[in-house]
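Novice: One file is attached below, my_file_19.pdb, containing PDB, C-alpha atoms.
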```pdb
ATOM      1  CA  MET A   7     -22.744 -57.744  17.777
ATOM      2  CA  ALA A   8     -20.470 -56.993  20.725
ATOM      3  CA  THR A   9     -18.472 -53.771  20.626
ATOM      4  CA  VAL A  10     -14.783 -54.277  19.897
ATOM      5  CA  ALA A  11     -12.645 -53.259  22.872
ATOM      6  CA  LEU A  12      -9.142 -54.124  21.663
ATOM      7  CA  GLU A  13      -8.237 -53.529  18.041
ATOM      8  CA  ALA A  14      -4.855 -53.890  16.387
ATOM      9  CA  SER A  15      -4.584 -52.723  12.795
ATOM     10  CA  GLN A  16      -1.834 -53.437  10.282
ATOM     11  CA  LEU A  17       0.745 -54.269  12.944
ATOM     12  CA  THR A  18       4.265 -54.877  11.694
ATOM     13  CA  VAL A  19       7.023 -55.984  14.035
ATOM     14  CA  ARG A  20      10.717 -56.064  13.211
ATOM     15  CA  ARG A  21      13.478 -57.511  15.347
ATOM     16  CA  MET A  22      17.203 -57.108  14.688
ATOM     17  CA  GLY A  23      16.485 -55.871  11.177
ATOM     18  CA  ARG A  24      14.184 -58.778  10.327
ATOM     19  CA  THR A  25      10.442 -58.557   9.826
ATOM     20  CA  VAL A  26       8.787 -60.944  12.284
ATOM     21  CA  PHE A  27       5.260 -60.368  10.989
ATOM     22  CA  ARG A  28       3.535 -57.679   8.973
ATOM     23  CA  ASP A  29       0.050 -56.217   8.503
ATOM     24  CA  LEU A  30      -1.467 -58.178  11.386
ATOM     25  CA  ASP A  31      -5.053 -57.351  12.375
ATOM     26  CA  LEU A  32      -6.748 -58.393  15.608
ATOM     27  CA  ALA A  33     -10.099 -57.478  17.150
ATOM     28  CA  LEU A  34     -11.400 -58.553  20.539
ATOM     29  CA  ALA A  35     -14.754 -57.874  22.204
ATOM     30  CA  PRO A  36     -15.688 -58.420  25.873
ATOM     31  CA  GLY A  37     -15.793 -62.133  26.657
ATOM     32  CA  GLY A  38     -13.453 -62.874  23.747
ATOM     33  CA  LEU A  39     -10.363 -65.032  23.597
ATOM     34  CA  VAL A  40      -7.585 -65.152  21.006
ATOM     35  CA  GLN A  41      -5.233 -68.121  21.103
ATOM     36  CA  VAL A  42      -1.963 -67.252  19.351
ATOM     37  CA  THR A  43      -0.161 -70.258  17.893
ATOM     38  CA  GLY A  44       2.908 -70.800  15.773
ATOM     39  CA  PRO A  45       6.443 -72.180  15.867
ATOM     40  CA  ASN A  46       9.274 -70.644  17.832
ATOM     41  CA  GLY A  47      10.364 -67.401  16.205
ATOM     42  CA  ALA A  48       6.957 -66.687  14.690
ATOM     43  CA  GLY A  49       6.451 -63.629  16.885
ATOM     44  CA  LYS A  50       4.025 -64.797  19.580
ATOM     45  CA  THR A  51       5.952 -63.125  22.395
ATOM     46  CA  SER A  52       6.649 -60.060  20.245
ATOM     47  CA  LEU A  53       2.932 -59.655  19.588
ATOM     48  CA  LEU A  54       2.089 -59.859  23.284
ATOM     49  CA  ARG A  55       4.769 -57.306  24.140
ATOM     50  CA  VAL A  56       3.348 -54.910  21.552
ATOM     51  CA  LEU A  57      -0.186 -55.450  22.875
ATOM     52  CA  ALA A  58       1.117 -54.844  26.414
ATOM     53  CA  SER A  59       2.612 -51.541  25.203
ATOM     54  CA  LEU A  60       6.068 -52.710  26.274
ATOM     55  CA  VAL A  61       7.528 -52.147  22.793
ATOM     56  CA  PRO A  62       6.151 -50.146  19.874
ATOM     57  CA  PRO A  63       5.345 -51.769  16.534
ATOM     58  CA  ALA A  64       7.352 -50.761  13.483
ATOM     59  CA  GLN A  65       4.035 -49.906  11.837
ATOM     60  CA  GLY A  66       0.342 -50.051  12.670
ATOM     61  CA  ARG A  67      -1.847 -48.861  15.489
ATOM     62  CA  LEU A  68      -3.390 -50.258  18.655
ATOM     63  CA  CYS A  69      -6.734 -49.008  19.962
ATOM     64  CA  TRP A  70      -8.435 -49.634  23.289
ATOM     65  CA  ARG A  71     -12.145 -48.899  23.583
ATOM     66  CA  GLY A  72     -12.045 -46.695  20.490
ATOM     67  CA  ARG A  73      -8.977 -44.656  21.465
ATOM     68  CA  GLU A  74      -5.466 -45.094  20.113
ATOM     69  CA  VAL A  75      -3.010 -46.393  22.703
ATOM     70  CA  ARG A  76       0.073 -44.247  23.176
ATOM     71  CA  ALA A  77       3.303 -45.092  25.003
ATOM     72  CA  GLY A  78       2.780 -44.973  28.764
ATOM     73  CA  ASP A  79      -1.027 -44.868  28.436
ATOM     74  CA  ALA A  80      -1.961 -45.173  32.120
ATOM     75  CA  GLY A  81      -5.619 -45.958  31.483
ATOM     76  CA  TYR A  82      -4.794 -48.811  29.125
ATOM     77  CA  LEU A  83      -2.039 -50.228  31.323
ATOM     78  CA  ALA A  84      -4.418 -50.224  34.306
ATOM     79  CA  SER A  85      -6.828 -52.344  32.277
ATOM     80  CA  LEU A  86      -4.458 -55.211  31.497
ATOM     81  CA  ALA A  87      -2.578 -57.987  33.220
ATOM     82  CA  TYR A  88       0.555 -59.307  31.515
ATOM     83  CA  VAL A  89       2.243 -62.584  32.466
ATOM     84  CA  GLY A  90       5.328 -63.292  30.387
ATOM     85  CA  HIS A  91       6.921 -66.618  29.538
ATOM     86  CA  THR A  92       9.279 -66.244  32.498
ATOM     87  CA  ASN A  93       7.700 -66.397  35.929
ATOM     88  CA  GLY A  94       9.023 -63.113  37.268
ATOM     89  CA  VAL A  95       8.998 -64.268  40.886
ATOM     90  CA  ASP A  96      11.493 -63.537  43.652
ATOM     91  CA  ALA A  97      12.992 -66.803  44.866
ATOM     92  CA  ASP A  98      13.796 -65.299  48.293
ATOM     93  CA  LEU A  99      10.152 -64.449  49.033
ATOM     94  CA  ASP A 100       7.343 -66.856  49.785
ATOM     95  CA  ALA A 101       4.259 -67.107  47.573
ATOM     96  CA  THR A 102       2.272 -64.482  49.482
ATOM     97  CA  GLY A 103       5.261 -62.125  49.540
ATOM     98  CA  ASN A 104       5.522 -62.383  45.782
ATOM     99  CA  LEU A 105       1.855 -61.532  45.376
ATOM    100  CA  ARG A 106       2.161 -58.532  47.710
ATOM    101  CA  PHE A 107       5.134 -57.288  45.700
ATOM    102  CA  ALA A 108       3.272 -57.818  42.408
ATOM    103  CA  ALA A 109       0.308 -55.848  43.723
ATOM    104  CA  ARG A 110       2.527 -52.912  44.718
ATOM    105  CA  MET A 111       4.255 -52.930  41.332
ATOM    106  CA  ALA A 112       0.848 -52.875  39.606
ATOM    107  CA  GLY A 113      -0.295 -49.932  41.713
ATOM    108  CA  LEU A 114      -2.904 -52.010  43.520
ATOM    109  CA  PRO A 115      -3.766 -51.810  47.222
ATOM    110  CA  VAL A 116      -1.789 -54.422  49.101
ATOM    111  CA  PRO A 117      -4.165 -57.400  49.514
ATOM    112  CA  ASP A 118      -4.984 -58.715  52.952
ATOM    113  CA  ALA A 119      -4.030 -62.223  54.017
ATOM    114  CA  ALA A 120      -7.426 -63.686  53.118
ATOM    115  CA  ALA A 121      -7.275 -62.295  49.571
ATOM    116  CA  LEU A 122      -3.768 -63.677  49.111
ATOM    117  CA  ARG A 123      -4.765 -67.133  50.320
ATOM    118  CA  HIS A 124      -7.818 -67.093  48.054
ATOM    119  CA  ALA A 125      -5.740 -66.160  44.995
ATOM    120  CA  LEU A 126      -3.232 -68.935  45.676
ATOM    121  CA  ALA A 127      -5.959 -71.475  46.443
ATOM    122  CA  GLN A 128      -7.500 -70.928  43.006
ATOM    123  CA  LEU A 129      -4.270 -72.280  41.524
ATOM    124  CA  GLY A 130      -3.965 -75.086  44.077
ATOM    125  CA  LEU A 131      -1.237 -73.405  46.129
ATOM    126  CA  GLY A 132      -3.055 -72.812  49.403
ATOM    127  CA  ALA A 133      -0.753 -75.164  51.297
ATOM    128  CA  ALA A 134       2.367 -73.486  49.893
ATOM    129  CA  ALA A 135       1.461 -69.894  50.754
ATOM    130  CA  ALA A 136       4.294 -69.449  53.271
ATOM    131  CA  VAL A 137       6.862 -71.614  51.483
ATOM    132  CA  PRO A 138       9.935 -69.844  50.019
ATOM    133  CA  VAL A 139       9.628 -69.829  46.244
ATOM    134  CA  ARG A 140      13.185 -71.131  45.835
ATOM    135  CA  THR A 141      12.000 -74.493  47.232
ATOM    136  CA  LEU A 142       9.043 -74.789  44.850
ATOM    137  CA  SER A 143       8.985 -76.759  41.619
ATOM    138  CA  GLN A 144       8.872 -75.010  38.250
ATOM    139  CA  GLY A 145       5.167 -75.809  37.969
ATOM    140  CA  GLN A 146       4.471 -74.319  41.386
ATOM    141  CA  ARG A 147       6.456 -71.193  40.524
ATOM    142  CA  ARG A 148       4.377 -70.833  37.381
ATOM    143  CA  ARG A 149       1.224 -71.041  39.495
ATOM    144  CA  VAL A 150       2.516 -68.285  41.800
ATOM    145  CA  SER A 151       2.981 -66.125  38.722
ATOM    146  CA  LEU A 152      -0.514 -66.902  37.426
ATOM    147  CA  ALA A 153      -2.100 -66.280  40.838
ATOM    148  CA  ARG A 154      -1.540 -62.577  40.186
ATOM    149  CA  LEU A 155      -4.495 -62.788  37.802
ATOM    150  CA  ALA A 156      -6.812 -63.551  40.709
ATOM    151  CA  LEU A 157      -5.724 -60.579  42.830
ATOM    152  CA  ALA A 158      -7.717 -57.875  41.094
ATOM    153  CA  PRO A 159      -9.959 -57.787  38.038
ATOM    154  CA  ARG A 160      -8.261 -56.588  34.859
ATOM    155  CA  ALA A 161     -10.265 -56.459  31.657
ATOM    156  CA  LEU A 162      -7.523 -57.783  29.394
ATOM    157  CA  TRP A 163      -5.174 -60.695  30.063
ATOM    158  CA  LEU A 164      -2.039 -61.057  27.928
ATOM    159  CA  LEU A 165      -0.452 -64.404  28.730
ATOM    160  CA  ASP A 166       2.653 -66.028  27.277
ATOM    161  CA  GLU A 167       2.667 -69.843  27.557
ATOM    162  CA  PRO A 168       0.693 -69.947  30.828
ATOM    163  CA  LEU A 169       0.416 -73.753  30.771
ATOM    164  CA  THR A 170       4.173 -74.371  30.782
ATOM    165  CA  SER A 171       5.185 -76.805  33.561
ATOM    166  CA  LEU A 172       1.604 -77.139  34.859
ATOM    167  CA  ASP A 173       0.312 -80.590  35.755
ATOM    168  CA  ALA A 174      -3.250 -81.646  34.936
ATOM    169  CA  GLU A 175      -4.711 -80.359  38.217
ATOM    170  CA  ALA A 176      -3.012 -76.977  37.912
ATOM    171  CA  SER A 177      -4.082 -76.719  34.272
ATOM    172  CA  ASP A 178      -7.690 -77.330  35.304
ATOM    173  CA  GLY A 179      -7.383 -74.591  37.933
ATOM    174  CA  PHE A 180      -6.065 -72.144  35.351
ATOM    175  CA  HIS A 181      -8.847 -72.971  32.895
ATOM    176  CA  THR A 182     -11.469 -72.484  35.620
ATOM    177  CA  LEU A 183      -9.976 -69.047  36.323
ATOM    178  CA  LEU A 184      -9.939 -68.239  32.601
ATOM    179  CA  ALA A 185     -13.536 -69.374  32.062
ATOM    180  CA  ARG A 186     -14.725 -67.176  34.943
ATOM    181  CA  HIS A 187     -12.784 -64.199  33.577
ATOM    182  CA  LEU A 188     -14.357 -64.561  30.125
ATOM    183  CA  ALA A 189     -17.859 -65.186  31.521
ATOM    184  CA  GLU A 190     -17.598 -61.908  33.445
ATOM    185  CA  GLY A 191     -16.778 -59.990  30.258
ATOM    186  CA  GLY A 192     -13.013 -60.159  30.451
ATOM    187  CA  MET A 193     -10.793 -60.713  27.427
ATOM    188  CA  ALA A 194      -7.600 -62.660  26.850
ATOM    189  CA  VAL A 195      -4.874 -63.015  24.248
ATOM    190  CA  ILE A 196      -2.879 -66.142  25.026
ATOM    191  CA  ALA A 197       0.213 -67.439  23.251
ATOM    192  CA  THR A 198       0.507 -71.181  23.738
ATOM    193  CA  HIS A 199       1.686 -74.376  22.122
ATOM    194  CA  GLN A 200      -0.999 -76.266  24.020
ATOM    195  CA  PRO A 201      -4.724 -76.191  23.204
ATOM    196  CA  LEU A 202      -6.957 -74.223  25.549
ATOM    197  CA  GLN A 203     -10.173 -75.520  27.080
ATOM    198  CA  ALA A 204     -12.132 -72.462  25.985
ATOM    199  CA  PRO A 205     -13.663 -71.434  22.665
ATOM    200  CA  GLY A 206     -12.181 -68.486  20.853
ATOM    201  CA  GLN A 207     -10.330 -67.220  17.828
ATOM    202  CA  VAL A 208      -7.074 -68.836  16.733
ATOM    203  CA  LEU A 209      -4.362 -66.589  15.324
ATOM    204  CA  ALA A 210      -1.728 -68.765  13.656
ATOM    205  CA  LEU A 211       1.602 -67.028  13.089
ATOM    206  CA  ARG A 212       4.231 -68.359  10.736
ATOM    207  CA  ALA A 213       7.966 -68.267  11.285
ATOM    208  CA  PRO A 214       9.621 -65.603   9.125
ATOM    209  CA  ARG A 215      11.836 -66.803   6.312
ATOM    210  CA  GLY A 216      15.307 -67.563   7.607
ATOM    211  CA  ALA A 217      14.208 -67.889  11.248
ATOM    212  CA  VAL A 218      15.895 -70.529  13.388
ATOM    213  CA  PRO A 219      13.273 -72.995  14.772
TER     214      PRO A 219
END
```
Let me see whether you can do it: turn the structure in this file into structure tokens.
Specialist:
Amino acid sequence: MATVALEASQLTVRRMGRTVFRDLDLALAPGGLVQVTGPNGAGKTSLLRVLASLVPPAQGRLCWRGREVRAGDAGYLASLAYVGHTNGVDADLDATGNLRFAARMAGLPVPDAAALRHALAQLGLGAAAAVPVRTLSQGQRRRVSLARLALAPRALWLLDEPLTSLDAEASDGFHTLLARHLAEGGMAVIATHQPLQAPGQVLALRAPRGAVP
């Protein structure tokens, strides 16, 4: 049996005085995928933000490779890639400029031009590398955001609705990237309303009582 790398135990998350979910357990081994489903307000984004160490849980603990994750844990943060439900791209930069900026923010060496083109090509954006992001469609902007995953290997991907605005070709490109990541021993926790083309666990969250759909 594969050794568990990411383990969340008895997680409870509260938002604005309301319990979003409580006593949630999650375990993920290398090569593993967890697809997080549920209606709006069920806590999918909140869970990803806790796993990304962006916000602390109200209760529970998070462990990475057998060690409890603390706030600002540099070793854990260097092991993960987080792509939120917003694209987080600069409309005034082109696609390659956005990837260079993302690399600097992640503490990575600035990629050379060939590495940038390769990352964009994996998401079908090779022809748009020098195009200002403000002129791109929402689907293309989403692909620029996801191309960050191809820049440097990170063991754990935390992705919030990665398929939003993607057409069939772009979705296939993302799933090829995901399959390669998992085959190489990577892990992923993905919140999505759309089914993924990869086997894995499904974590179904329920909307808390009184939540607005």
Novice: Could you tell me which of A:Arg148, A:Arg76, A:Arg21, A:Arg154 comes closest to Ser171 in chain A if we count only C-alpha atoms?
Specialist: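 Closest residue, counting only C-alpha atoms: A:Arg148.
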Novice: Taking the file above as input, evaluate the PyMOL selection byres ((chain A and resi 207) around 8) and report the hits as a PyMOL selection string.
Specialist: chain A and resi 38-41+205-206+208-209
Novice: Apply the PyMOL selection byres ((chain A and resi 210) around 6) to the displayed file and report the matching residues as an NGL selection string.
Specialist: :A and (42-44 or 209 or 211)
Novice: Residues as selected, C-alpha atoms, written as a JSON list (two decimals), in the frame of the given file, can you do that?
Specialist:
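Now in result23.json:
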```
[["chain", "number", "residue", "atom", "x", "y", "z"],
["A", 42, "VAL", "CA", -1.96, -67.25, 19.35],
["A", 43, "THR", "CA", -0.16, -70.26, 17.89],
["A", 44, "GLY", "CA", 2.91, -70.80, 15.77],
["A", 209, "LEU", "CA", -4.36, -66.59, 15.32],
["A", 211, "LEU", "CA", 1.60, -67.03, 13.09]]
```
Novice: For Ala77 in chain A, which residue out of A:Ser151, A:Gly179, A:Leu172, A:Leu57 is the nearest one, using all atoms listed in the file?
Specialist: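 The shortest atom-to-atom distance to Ala77 in chain A comes from A:Leu57.
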Novice: Mind checking which residues fall within 10 Å of range 50-52 of chain A, counting only C-alpha atoms, ignoring those fewer than 2 positions away in the same chain, and posting them as a count of residues only?
Specialist: 36
Novice: Apply the PyMOL selection byres ((chain A and resi 131) around 12) to the structure shown and report the selected residues as a PyMOL selection string.
Specialist: chain A and resi 100-102+122-130+132-137+139+142-143+145-153+175-176+179-180
Novice: With all atoms listed in the file as the counted atoms, please give the residues lying no more than 10 Å from Ala158 in chain A, apart from itself and same-chain residues fewer than 3 positions off, as an MDAnalysis selection string.
Specialist: chainID A and resid 87 109 114:115 117 121 125 154:155 161
Novice: Once 4 Å is added on each side, what are the centre and the three edge lengths, in Å to one decimal, of the axis-aligned box enclosing the listed atoms of range 67-82 of chain A? Present them as lines of an AutoDock Vina configuration file.
Specialist:
```
center_x = -4.4
center_y = -47.3
center_z = 23.8
size_x = 23.4
size_y = 14.0
size_z = 24.6
```
Novice: So what do you get for CA of Ser177 in chain A versus CA of Arg160 in chain A, distance-wise?
Specialist: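 Between CA of Ser177 in chain A and CA of Arg160 in chain A the gap is 20.6 Å.
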Novice: Between A:Gly81, A:Pro159, A:Gly66, A:Pro201, which is the closest to Arg186 in chain A once you count all atoms listed in the file?
Specialist: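 Going through A:Gly81, A:Pro159, A:Gly66, A:Pro201 one by one, the smallest distance to Arg186 in chain A is for A:Pro159.
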Novice: May I have the residues within 10 Å of Gly72 in chain A as a PyMOL selection string, using only C-alpha atoms and disregarding those fewer than 4 positions away in the same chain?
Specialist: chain A and resi 9-13+68
Novice: With N, CA and C atoms as the target, complete range 130-151 of chain A and hand it back as an mmCIF file, keeping the file's coordinate frame.
Specialist:
```cif
data_model
loop_
_atom_site.group_PDB
_atom_site.id
_atom_site.type_symbol
_atom_site.label_atom_id
_atom_site.label_comp_id
_atom_site.auth_asym_id
_atom_site.auth_seq_id
_atom_site.Cartn_x
_atom_site.Cartn_y
_atom_site.Cartn_z
ATOM 1 N N GLY A 130 -4.382 -73.894 43.351
ATOM 2 C CA GLY A 130 -3.965 -75.086 44.077
ATOM 3 C C GLY A 130 -2.717 -74.904 44.914
ATOM 4 N N LEU A 131 -2.448 -73.680 45.367
ATOM 5 C CA LEU A 131 -1.237 -73.405 46.129
ATOM 6 C C LEU A 131 -1.516 -72.971 47.563
ATOM 7 N N GLY A 132 -2.710 -73.237 48.047
ATOM 8 C CA GLY A 132 -3.055 -72.812 49.403
ATOM 9 C C GLY A 132 -2.091 -73.325 50.452
ATOM 10 N N ALA A 133 -1.643 -74.562 50.299
ATOM 11 C CA ALA A 133 -0.753 -75.164 51.297
ATOM 12 C C ALA A 133 0.672 -74.650 51.199
ATOM 13 N N ALA A 134 0.999 -73.963 50.097
ATOM 14 C CA ALA A 134 2.367 -73.486 49.893
ATOM 15 C C ALA A 134 2.488 -71.977 50.060
ATOM 16 N N ALA A 135 1.494 -71.353 50.668
ATOM 17 C CA ALA A 135 1.461 -69.894 50.754
ATOM 18 C C ALA A 135 2.689 -69.313 51.448
ATOM 19 N N ALA A 136 3.179 -69.982 52.493
ATOM 20 C CA ALA A 136 4.294 -69.449 53.271
ATOM 21 C C ALA A 136 5.622 -70.137 52.944
ATOM 22 N N VAL A 137 5.651 -70.876 51.858
ATOM 23 C CA VAL A 137 6.862 -71.614 51.483
ATOM 24 C C VAL A 137 7.745 -70.738 50.598
ATOM 25 N N PRO A 138 9.053 -70.631 50.889
ATOM 26 C CA PRO A 138 9.935 -69.844 50.019
ATOM 27 C C PRO A 138 9.878 -70.356 48.585
ATOM 28 N N VAL A 139 9.783 -69.441 47.650
ATOM 29 C CA VAL A 139 9.628 -69.829 46.244
ATOM 30 C C VAL A 139 10.823 -70.634 45.744
ATOM 31 N N ARG A 140 12.001 -70.407 46.313
ATOM 32 C CA ARG A 140 13.185 -71.131 45.835
ATOM 33 C C ARG A 140 13.060 -72.637 46.065
ATOM 34 N N THR A 141 12.178 -73.061 46.973
ATOM 35 C CA THR A 141 12.000 -74.493 47.232
ATOM 36 C C THR A 141 10.867 -75.099 46.403
ATOM 37 N N LEU A 142 10.168 -74.297 45.639
ATOM 38 C CA LEU A 142 9.043 -74.789 44.850
ATOM 39 C C LEU A 142 9.508 -75.333 43.508
ATOM 40 N N SER A 143 8.702 -76.230 42.952
ATOM 41 C CA SER A 143 8.985 -76.759 41.619
ATOM 42 C C SER A 143 8.706 -75.691 40.567
ATOM 43 N N GLN A 144 9.132 -75.956 39.335
ATOM 44 C CA GLN A 144 8.872 -75.010 38.250
ATOM 45 C C GLN A 144 7.375 -74.829 38.026
ATOM 46 N N GLY A 145 6.617 -75.910 38.124
ATOM 47 C CA GLY A 145 5.167 -75.809 37.969
ATOM 48 C C GLY A 145 4.528 -74.964 39.051
ATOM 49 N N GLN A 146 5.004 -75.125 40.280
ATOM 50 C CA GLN A 146 4.471 -74.319 41.386
ATOM 51 C C GLN A 146 4.849 -72.852 41.226
ATOM 52 N N ARG A 147 6.049 -72.587 40.759
ATOM 53 C CA ARG A 147 6.456 -71.193 40.524
ATOM 54 C C ARG A 147 5.574 -70.557 39.442
ATOM 55 N N ARG A 148 5.244 -71.361 38.424
ATOM 56 C CA ARG A 148 4.377 -70.833 37.381
ATOM 57 C C ARG A 148 3.007 -70.494 37.961
ATOM 58 N N ARG A 149 2.523 -71.309 38.873
ATOM 59 C CA ARG A 149 1.224 -71.041 39.495
ATOM 60 C C ARG A 149 1.261 -69.781 40.362
ATOM 61 N N VAL A 150 2.384 -69.536 41.038
ATOM 62 C CA VAL A 150 2.516 -68.285 41.800
ATOM 63 C C VAL A 150 2.394 -67.097 40.852
ATOM 64 N N SER A 151 3.051 -67.200 39.710
ATOM 65 C CA SER A 151 2.981 -66.125 38.722
ATOM 66 C C SER A 151 1.553 -65.915 38.225
#
```
